[in-house]
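Pasted below: protein.tsv, TSV, C-alpha atoms.
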```tsv
chain	number	residue	atom	x	y	z
A	142	MET	CA	51.18	-27.00	268.52
A	143	LYS	CA	54.82	-27.35	269.48
A	144	HIS	CA	55.76	-23.83	268.43
A	145	TRP	CA	52.92	-22.40	270.53
A	146	ILE	CA	54.12	-23.88	273.76
A	147	LYS	CA	57.84	-23.17	273.48
A	148	SER	CA	57.57	-19.50	272.62
A	149	PHE	CA	58.79	-16.94	275.13
A	150	CYS	CA	57.07	-13.66	274.47
A	151	SER	CA	54.53	-11.33	276.02
A	152	PHE	CA	50.88	-11.78	275.32
A	153	ALA	CA	47.64	-9.89	275.25
A	154	PHE	CA	44.13	-11.06	275.79
A	155	VAL	CA	41.46	-9.42	273.77
A	156	VAL	CA	38.10	-10.35	275.15
A	157	LEU	CA	34.87	-9.56	273.36
A	158	LEU	CA	31.80	-10.93	275.06
A	159	VAL	CA	28.49	-10.78	273.29
A	160	SER	CA	25.48	-11.58	275.42
A	161	CYS	CA	21.84	-10.58	275.18
A	162	HIS	CA	21.20	-9.50	278.75
A	163	SER	CA	19.58	-6.30	279.97
A	164	LYS	CA	22.37	-5.72	282.50
A	165	THR	CA	24.70	-4.45	279.82
A	166	GLU	CA	24.19	-0.78	280.60
A	167	GLN	CA	24.73	-1.39	284.31
A	168	LEU	CA	28.40	-2.09	283.71
A	169	SER	CA	30.61	0.95	284.02
A	170	MET	CA	33.71	1.44	281.86
A	171	LEU	CA	36.93	3.23	282.72
A	172	ILE	CA	39.53	3.24	279.99
A	173	GLY	CA	42.03	5.64	278.44
A	174	HIS	CA	44.38	6.25	281.38
A	175	GLU	CA	46.93	3.67	282.39
A	176	ASP	CA	45.65	3.46	285.96
A	177	HIS	CA	42.00	3.00	285.01
A	178	TYR	CA	40.34	-0.34	285.66
A	179	LEU	CA	36.91	-1.78	285.18
A	180	GLN	CA	34.73	-0.96	288.14
A	181	THR	CA	31.51	-2.90	288.58
A	182	GLY	CA	29.40	-0.91	290.97
A	183	SER	CA	31.78	0.20	293.70
A	184	CYS	CA	34.06	-2.83	293.33
A	185	ASP	CA	37.39	-2.82	291.54
A	186	PHE	CA	38.07	-6.49	290.83
A	187	PHE	CA	41.53	-5.93	289.38
A	188	ARG	CA	43.40	-4.37	292.26
A	189	GLY	CA	44.41	-6.64	295.06
A	190	ARG	CA	46.92	-9.32	295.93
A	191	TRP	CA	47.35	-13.07	295.94
A	192	VAL	CA	46.59	-14.84	299.22
A	193	HIS	CA	47.04	-18.45	300.25
A	194	ASP	CA	43.79	-20.44	300.34
A	195	ASP	CA	43.70	-24.18	301.08
A	196	SER	CA	40.28	-24.52	299.44
A	197	TYR	CA	41.98	-24.21	296.04
A	198	PRO	CA	42.28	-25.64	293.43
A	199	SER	CA	38.74	-26.45	292.34
A	200	TYR	CA	39.79	-29.27	289.98
A	201	ASN	CA	42.70	-31.49	288.96
A	202	SER	CA	43.54	-33.93	286.18
A	203	THR	CA	41.36	-36.59	287.81
A	204	SER	CA	38.21	-34.46	288.00
A	205	CYS	CA	39.00	-32.83	284.63
A	206	PRO	CA	40.49	-35.65	282.54
A	207	PHE	CA	40.92	-33.53	279.39
A	208	ILE	CA	43.53	-31.08	280.74
A	209	MET	CA	46.15	-30.93	277.99
A	210	LYS	CA	49.51	-32.49	278.81
A	211	GLU	CA	51.42	-29.24	278.23
A	212	PHE	CA	49.42	-27.49	280.99
A	213	ASP	CA	49.15	-30.39	283.48
A	214	CYS	CA	52.19	-29.51	285.59
A	215	GLN	CA	51.42	-31.93	288.41
A	216	LYS	CA	51.05	-34.88	286.08
A	217	ASN	CA	54.29	-33.82	284.39
A	218	GLY	CA	56.16	-34.15	287.68
A	219	ARG	CA	56.16	-30.70	289.25
A	220	PRO	CA	57.09	-31.43	292.88
A	221	ASP	CA	55.60	-28.38	294.65
A	222	THR	CA	51.89	-27.69	295.12
A	223	ASP	CA	51.73	-24.29	296.82
A	224	TYR	CA	51.23	-22.54	293.47
A	225	LEU	CA	47.83	-24.27	293.26
A	226	LYS	CA	46.59	-22.67	296.48
A	227	TYR	CA	46.42	-18.96	295.77
A	228	ARG	CA	43.32	-16.84	295.45
A	229	TRP	CA	43.03	-13.32	294.09
A	230	LYS	CA	41.83	-11.05	296.90
A	231	THR	CA	40.46	-7.69	295.82
A	232	ARG	CA	41.39	-4.62	297.78
A	233	ARG	CA	38.05	-3.21	298.96
A	234	CYS	CA	35.40	-5.76	298.09
A	235	LYS	CA	34.78	-9.49	297.82
A	236	LEU	CA	35.36	-11.16	294.48
A	237	PRO	CA	32.57	-13.69	293.81
A	238	ARG	CA	33.85	-17.23	293.57
A	239	PHE	CA	33.27	-18.90	290.23
A	240	ASN	CA	29.99	-20.82	290.24
A	241	GLY	CA	29.91	-23.11	287.25
A	242	LEU	CA	26.33	-24.22	287.73
A	243	ASP	CA	25.17	-20.61	287.88
A	244	PHE	CA	27.22	-19.82	284.79
A	245	LEU	CA	25.59	-22.69	282.91
A	246	ARG	CA	22.09	-21.63	283.93
A	247	ARG	CA	22.68	-18.00	282.96
A	248	PHE	CA	24.14	-18.90	279.58
A	249	LYS	CA	22.03	-21.94	278.80
A	250	GLY	CA	21.68	-22.36	275.06
A	251	LYS	CA	24.53	-19.93	274.31
A	252	ARG	CA	27.55	-20.31	272.05
A	253	ILE	CA	30.87	-18.99	273.36
A	254	LEU	CA	33.85	-18.51	271.05
A	255	PHE	CA	37.50	-17.95	272.00
A	256	VAL	CA	39.55	-16.52	269.13
A	257	GLY	CA	43.32	-16.48	269.53
A	258	GLU	CA	46.47	-18.57	269.87
A	259	SER	CA	47.94	-20.63	272.69
A	260	LEU	CA	46.94	-18.27	275.49
A	261	SER	CA	43.35	-18.59	274.27
A	262	LEU	CA	43.87	-22.34	274.37
A	263	ASN	CA	45.07	-21.97	277.97
A	264	GLN	CA	41.98	-20.00	279.00
A	265	TRP	CA	39.54	-22.06	276.94
A	266	LYS	CA	40.79	-25.27	278.51
A	267	SER	CA	40.51	-23.69	281.97
A	268	LEU	CA	36.88	-22.70	281.42
A	269	THR	CA	35.91	-26.11	280.06
A	270	CYS	CA	37.38	-27.74	283.16
A	271	MET	CA	35.66	-25.29	285.52
A	272	LEU	CA	32.31	-25.97	283.86
A	273	HIS	CA	32.77	-29.74	283.69
A	274	VAL	CA	33.62	-30.16	287.39
A	275	SER	CA	30.51	-28.11	288.28
A	276	VAL	CA	28.28	-30.75	286.67
A	277	PRO	CA	30.48	-33.87	286.53
A	278	GLN	CA	27.59	-36.23	285.78
A	279	THR	CA	26.46	-34.26	282.74
A	280	ASN	CA	27.42	-35.70	279.36
A	281	TYR	CA	29.85	-33.65	277.30
A	282	THR	CA	31.49	-33.83	273.89
A	283	LEU	CA	34.95	-32.57	272.99
A	284	GLU	CA	36.00	-32.50	269.34
A	285	ARG	CA	38.45	-30.77	267.05
A	286	LYS	CA	38.03	-30.07	263.35
A	287	GLY	CA	41.00	-28.27	261.87
A	288	ALA	CA	41.59	-25.04	263.80
A	289	LEU	CA	38.26	-25.29	265.63
A	290	SER	CA	37.83	-27.12	268.97
A	291	THR	CA	34.38	-27.45	270.54
A	292	PHE	CA	33.35	-28.43	274.07
A	293	THR	CA	29.60	-29.01	274.50
A	294	LEU	CA	27.41	-29.75	277.52
A	295	GLN	CA	24.27	-31.16	275.94
A	296	GLU	CA	21.98	-30.77	278.96
A	297	TYR	CA	22.57	-27.02	278.99
A	298	ARG	CA	22.89	-26.67	275.22
A	299	ILE	CA	26.03	-24.61	275.76
A	300	SER	CA	29.12	-24.81	273.58
A	301	VAL	CA	32.55	-23.34	274.33
A	302	VAL	CA	34.59	-23.12	271.14
A	303	LEU	CA	38.22	-22.27	270.39
A	304	SER	CA	39.27	-20.87	267.01
A	305	ARG	CA	43.05	-20.72	266.63
A	306	ASN	CA	43.99	-17.30	265.27
A	307	GLY	CA	47.17	-15.49	266.25
A	308	PHE	CA	46.61	-11.97	264.90
A	309	LEU	CA	42.84	-11.44	264.42
A	310	VAL	CA	43.71	-9.69	261.15
A	311	ASP	CA	44.33	-11.86	258.07
A	312	LEU	CA	47.49	-13.88	257.45
A	313	VAL	CA	47.30	-14.86	253.78
A	314	LYS	CA	49.50	-17.11	251.63
A	315	GLU	CA	50.36	-15.41	248.33
A	316	LYS	CA	52.91	-16.04	245.58
A	317	MET	CA	55.47	-13.87	247.36
A	318	GLY	CA	54.96	-15.77	250.62
A	319	ALA	CA	52.88	-15.38	253.80
A	320	VAL	CA	51.53	-11.84	254.13
A	321	LEU	CA	50.18	-10.34	257.36
A	322	LYS	CA	47.53	-7.84	256.22
A	323	LEU	CA	47.05	-5.21	258.90
A	324	ASP	CA	43.91	-3.68	257.40
A	325	SER	CA	42.14	-6.91	256.39
A	326	ILE	CA	39.94	-9.01	258.66
A	327	ASN	CA	37.96	-11.31	256.36
A	328	ASN	CA	38.33	-14.14	258.86
A	329	GLY	CA	35.96	-12.16	261.07
A	330	ASN	CA	33.07	-13.54	259.02
A	331	ALA	CA	33.41	-16.76	261.01
A	332	TRP	CA	32.88	-14.93	264.32
A	333	ARG	CA	29.30	-13.96	263.63
A	334	GLY	CA	26.44	-15.85	265.23
A	335	TYR	CA	28.06	-16.45	268.60
A	336	ASP	CA	26.64	-15.13	271.87
A	337	MET	CA	30.04	-14.49	273.41
A	338	LEU	CA	33.34	-13.72	271.71
A	339	ILE	CA	36.63	-13.79	273.60
A	340	PHE	CA	39.62	-12.51	271.65
A	341	ASN	CA	43.33	-12.88	272.36
A	342	THR	CA	46.26	-11.36	270.51
A	343	TRP	CA	49.81	-9.99	270.98
A	344	HIS	CA	51.73	-13.20	271.73
A	345	TRP	CA	52.62	-13.77	268.08
A	346	TRP	CA	53.33	-10.16	267.14
A	347	LEU	CA	56.80	-10.39	268.69
A	348	HIS	CA	58.04	-13.56	267.00
A	349	THR	CA	61.19	-13.31	264.90
A	350	GLY	CA	63.34	-15.70	262.90
A	351	ARG	CA	62.01	-19.19	262.35
A	352	LYS	CA	59.05	-18.57	264.66
A	353	GLN	CA	57.85	-15.57	262.65
A	354	PRO	CA	54.84	-16.83	260.67
A	355	TRP	CA	54.84	-14.11	257.97
A	356	ASP	CA	57.27	-13.19	255.21
A	357	TYR	CA	55.84	-9.72	254.65
A	358	ILE	CA	53.57	-7.20	256.37
A	359	GLN	CA	51.07	-5.30	254.24
A	360	GLN	CA	50.02	-1.83	255.40
A	361	GLY	CA	47.52	-0.43	252.93
A	362	ASP	CA	49.25	-0.60	249.53
A	363	ARG	CA	52.70	-0.79	251.08
A	364	ILE	CA	54.58	-4.06	251.55
A	365	HIS	CA	57.16	-4.27	254.35
A	366	LYS	CA	59.68	-6.99	255.03
A	367	ASP	CA	59.27	-5.99	258.67
A	368	MET	CA	58.22	-3.00	260.78
A	369	ASP	CA	57.98	-1.81	264.37
A	370	ARG	CA	55.91	-4.48	266.09
A	371	LEU	CA	54.03	-2.08	268.36
A	372	VAL	CA	53.08	0.03	265.35
A	373	ALA	CA	51.91	-3.07	263.49
A	374	PHE	CA	50.01	-4.29	266.56
A	375	LYS	CA	48.20	-0.96	266.91
A	376	GLU	CA	47.15	-0.94	263.27
A	377	GLY	CA	45.95	-4.53	263.42
A	378	LEU	CA	44.05	-3.86	266.63
A	379	THR	CA	42.49	-0.77	265.08
A	380	THR	CA	41.24	-2.95	262.22
A	381	TRP	CA	39.74	-5.30	264.82
A	382	SER	CA	38.06	-2.36	266.59
A	383	LYS	CA	36.45	-1.31	263.30
A	384	TRP	CA	35.14	-4.85	262.93
A	385	VAL	CA	33.60	-4.58	266.39
A	386	ASP	CA	31.97	-1.25	265.55
A	387	SER	CA	30.57	-2.66	262.31
A	388	ASN	CA	29.36	-6.02	263.63
A	389	VAL	CA	28.40	-5.61	267.29
A	390	ASP	CA	25.10	-4.01	268.29
A	391	PRO	CA	25.85	-2.07	271.51
A	392	LYS	CA	22.18	-2.19	272.52
A	393	ILE	CA	22.22	-5.94	273.04
A	394	THR	CA	25.86	-6.89	273.58
A	395	LYS	CA	28.62	-6.71	276.15
A	396	VAL	CA	32.13	-6.16	274.87
A	397	PHE	CA	35.18	-6.91	276.99
A	398	PHE	CA	38.87	-6.42	276.23
A	399	GLN	CA	41.19	-8.36	278.50
A	400	GLY	CA	44.57	-6.87	279.33
A	401	ILE	CA	48.21	-7.74	278.83
A	402	SER	CA	50.59	-9.80	280.91
A	403	PRO	CA	54.24	-10.50	280.06
A	404	THR	CA	56.24	-13.68	280.07
A	405	HIS	CA	58.37	-14.27	283.17
A	406	PHE	CA	61.94	-15.14	282.34
A	407	VAL	CA	64.03	-12.31	283.77
A	408	GLY	CA	64.57	-12.83	287.48
A	409	LYS	CA	65.66	-9.27	288.18
A	410	ASP	CA	62.18	-8.10	287.15
A	411	TRP	CA	60.82	-9.76	290.24
A	412	ASN	CA	63.40	-8.39	292.69
A	413	SER	CA	63.91	-11.97	293.75
A	414	SER	CA	66.38	-14.58	292.57
A	415	LYS	CA	69.27	-14.55	290.12
A	416	SER	CA	67.34	-16.94	287.89
A	417	THR	CA	66.82	-15.95	284.28
A	418	THR	CA	63.77	-18.22	283.87
A	419	CYS	CA	60.61	-19.08	285.77
A	420	HIS	CA	62.03	-22.47	286.72
A	421	GLU	CA	62.01	-23.16	290.49
A	422	GLU	CA	59.81	-20.13	291.19
A	423	THR	CA	57.29	-21.42	293.73
A	424	LYS	CA	55.54	-18.36	295.16
A	425	PRO	CA	53.89	-15.23	293.76
A	426	LEU	CA	55.06	-11.72	294.49
A	427	ARG	CA	53.47	-10.55	297.72
A	428	SER	CA	53.13	-7.00	296.43
A	429	SER	CA	50.00	-5.60	294.81
A	430	THR	CA	52.10	-3.89	292.13
A	431	TYR	CA	54.67	-5.14	289.64
A	432	PRO	CA	58.19	-3.67	289.97
A	433	LYS	CA	58.66	-2.79	286.31
A	434	GLY	CA	55.13	-1.55	285.65
A	435	SER	CA	53.08	-2.34	282.56
A	436	PRO	CA	54.47	-3.57	279.23
A	437	PRO	CA	54.32	-1.03	276.33
A	438	ALA	CA	51.51	-2.89	274.59
A	439	VAL	CA	49.14	-1.86	277.40
A	440	ALA	CA	49.24	1.74	276.18
A	441	VAL	CA	48.49	0.54	272.64
A	442	VAL	CA	45.44	-1.39	273.81
A	443	LYS	CA	44.08	1.53	275.78
A	444	SER	CA	44.64	4.02	272.96
A	445	VAL	CA	42.64	1.80	270.58
A	446	LEU	CA	39.86	1.22	273.11
A	447	LYS	CA	39.60	4.93	273.79
A	448	LYS	CA	38.63	5.56	270.16
A	449	ILE	CA	36.25	2.65	269.66
A	450	SER	CA	32.56	3.59	269.37
A	451	THR	CA	31.14	0.36	270.76
A	452	HIS	CA	30.90	0.01	274.54
A	453	VAL	CA	34.07	-1.86	275.51
A	454	THR	CA	34.99	-2.84	279.05
A	455	LEU	CA	38.65	-3.41	279.86
A	456	LEU	CA	39.28	-6.47	282.00
A	457	ASP	CA	42.70	-5.54	283.31
A	458	VAL	CA	44.40	-8.76	284.36
A	459	THR	CA	47.87	-7.39	283.66
A	460	THR	CA	49.12	-6.84	287.20
A	461	LEU	CA	47.59	-9.93	288.79
A	462	SER	CA	49.20	-12.11	286.10
A	463	GLN	CA	52.56	-10.36	286.36
A	464	LEU	CA	52.65	-11.21	290.06
A	465	ARG	CA	52.39	-14.97	289.38
A	466	LYS	CA	55.96	-15.81	288.38
A	467	ASP	CA	55.34	-19.21	289.98
A	468	GLY	CA	52.41	-20.12	287.77
A	469	HIS	CA	54.18	-21.21	284.57
A	470	PRO	CA	54.89	-24.80	283.50
A	471	SER	CA	58.65	-24.15	283.13
A	472	ILE	CA	60.22	-27.61	282.66
A	473	TYR	CA	56.94	-29.31	283.60
A	474	GLY	CA	55.21	-28.35	280.35
A	475	PHE	CA	55.65	-29.13	276.69
A	476	GLY	CA	59.18	-30.27	275.86
A	477	GLY	CA	60.23	-30.83	279.47
A	478	LYS	CA	63.66	-29.46	280.33
A	479	ARG	CA	64.23	-28.55	276.68
A	480	GLY	CA	61.11	-26.38	276.64
A	481	ASN	CA	61.18	-24.43	279.93
A	482	ASP	CA	57.86	-22.72	279.20
A	483	CYS	CA	57.58	-19.33	280.93
A	484	SER	CA	54.82	-18.04	278.63
A	485	HIS	CA	51.85	-20.26	279.38
A	486	TRP	CA	50.23	-21.32	282.63
A	487	CYS	CA	49.76	-24.48	284.63
A	488	LEU	CA	46.23	-25.81	284.98
A	489	PRO	CA	44.75	-25.53	287.49
A	490	GLY	CA	46.21	-22.06	287.82
A	491	VAL	CA	46.12	-18.40	286.85
A	492	PRO	CA	43.72	-18.78	283.86
A	493	ASP	CA	41.09	-19.98	286.33
A	494	THR	CA	41.24	-16.52	287.93
A	495	TRP	CA	40.86	-14.88	284.51
A	496	ASN	CA	37.64	-16.86	284.09
A	497	GLN	CA	36.54	-16.05	287.63
A	498	LEU	CA	36.93	-12.34	286.84
A	499	LEU	CA	35.02	-12.82	283.61
A	500	TYR	CA	32.19	-14.47	285.54
A	501	ALA	CA	32.25	-11.84	288.32
A	502	THR	CA	31.99	-9.04	285.79
A	503	LEU	CA	29.05	-10.71	284.08
A	504	ILE	CA	27.00	-11.26	287.23
A	505	THR	CA	27.73	-8.09	289.21
A	506	PRO	CA	25.49	-5.06	288.56
```
For the file at hand, write its structure as structure tokens.
Amino acid sequence: MKHWIKSFCSFAFVVLLVSCHSKTEQLSMLIGHEDHYLQTGSCDFFRGRWVHDDSYPSYNSTSCPFIMKEFDCQKNGRPDTDYLKYRWKTRRCKLPRFNGLDFLRRFKGKRILFVGESLSLNQWKSLTCMLHVSVPQTNYTLERKGALSTFTLQEYRISVVLSRNGFLVDLVKEKMGAVLKLDSINNGNAWRGYDMLIFNTWHWWLHTGRKQPWDYIQQGDRIHKDMDRLVAFKEGLTTWSKWVDSNVDPKITKVFFQGISPTHFVGKDWNSSKSTTCHEETKPLRSSTYPKGSPPAVAVVKSVLKKISTHVTLLDVTTLSQLRKDGHPSIYGFGGKRGNDCSHWCLPGVPDTWNQLLYATLITP
């Protein structure tokens, strides 16, 4: 766990939702161009700005007692609270507020699976808190077996599961060492049978040195000691897209791919302070655009989605996350002052908005 929380690299969220609802075809998809966003009806949920709202947050470590220590910034001593009180305001329409009870009723009896690394953990933990505080008197179970963590609300027969997986494609131990196989995705067999799949990757593709989890990268029959990370990411994501095409029935499923947001640790990117970390950042950017634009991996994601046969909706949370330089744990996360985490997010915080957007997309025709 420790190496998850201390890493400082960009991340991507790959979100695949599988749900047997007739509204699937009512969702429109706009992908392929960098400025395209999901539009549900006439509403673009992903363009807007952060506004102060005293009605937030919707939970805390008292009402959600299982917030993980590394994300519980208030309990870890963060002195400011303004970062908790921001709401994403869309430009031309009203974003529905997350309604946990409605979510539970709509997805009663369903199994939801997050597949990814520590950013998936961040979002999974956010969703479990948002659901728990909606029905605080309902019994729940929370258990971990190996790489699988499961949150269950028995009354609604709903389970929200996290499977820790950094690359989606296979990372295999062989005699030569750990091999990242860009065209192999045998671990995808464990993803079948769920009603909703939420994928996350990119964070680990940039690791080097001691944090790099592979010794070699395999590309077809070729073995590389290393290679261009964007090229490797695109090939791995293409393998994932083929898995989607082979295993997801577009007539009965919804497929979402959630966008990319970078780590904040270069102050000049924000046109603000001289700081080189997110520490002591207390307010979001007031702009609706990010000064440096999108990270390069965004183009990779969109190029892969453009070629996929299955209906895939891009949930583009890139800009709204980039604007929240104040939302990271910094020294109030794992490792304290030694950690200075500018990759992950405080809870309550930005991941709650990711889940709000997920919910809004699901319920809006």
Select, from A:Lys366, A:Lys375, A:Arg285, A:Lys433, the residue with the minimum atom-to-atom distance to Thr349 (chain A), counting only C-alpha atoms. A:Lys366
Pick from A:Trp229, A:Trp384, A:Phe292, A:Phe207 nearest to Trp191 (chain A), counting all atoms listed in the file: A:Trp229
My list of candidates is A:Tyr200, A:Phe187, A:Phe212, A:Tyr335. Which is closest to Gly476 (chain A) when distances are computed with only C-alpha atoms? A:Phe212
Around all the atoms of region 305-309 of chain A listed in the file, with 8 Å of room on each side, what axis-aligned box do you get, giving centre and edge lengths in Å to one decimal, as lines of an AutoDock Vina configuration file?
```
center_x = 45.0
center_y = -16.1
center_z = 265.5
size_x = 20.3
size_y = 25.3
size_z = 18.2
```
One decimal, in Å: what's the spacing between CA of Val445 (chain A) and CA of Phe398 (chain A)? 10.7 Å
Select, from A:Thr342, A:Thr203, A:Ser325, A:Thr279, the residue with the minimum atom-to-atom distance to Asp362 (chain A), counting all atoms listed in the file. A:Ser325
Would you list the contacts of region 377-380 of chain A as a PyMOL selection string, taking every protein, DNA or RNA residue within 12 Å and counting all atoms listed in the file, but skipping same-chain residues closer than 5 positions in sequence? chain A and resi 153-155+307-312+321-327+329+340-343+346+358-361+370-372+385-387+398+438+441-450
Taking into account all atoms listed in the file, which residue in the set A:Leu236, A:Ile364, A:Val192, A:Leu338 is nearest to Ala319 (chain A)? A:Ile364
Between A:Pro198, A:Gly318, A:Gly468, A:Gly400, single out the one closest to Pro437 (chain A), counting all atoms listed in the file. A:Gly400
Any idea what's packed within 6 Å of Gly189 (chain A), counting only C-alpha atoms, ignoring anything in its chain fewer than 2 positions away? Could you give it as a ChimeraX atom specification? /A:230-232,429
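Here CA of Leu303 (chain A) is placed at a distance of 4.7 Å from CA of Phe255 (chain A).
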Rounded to one decimal in Å, what is the spacing between CA of Arg465 (chain A) and CA of Leu426 (chain A)? 6.6 Å
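Around Phe244 (chain A), within 10 Å and counting all atoms listed in the file, the residues found are Phe239, Asn240, Gly241, Leu242, Arg246, Arg247, Phe248, Lys249, Leu272, Ser275, Tyr500, Leu503 and Ile504 of chain A, once anything fewer than 2 positions away on its own chain is removed.
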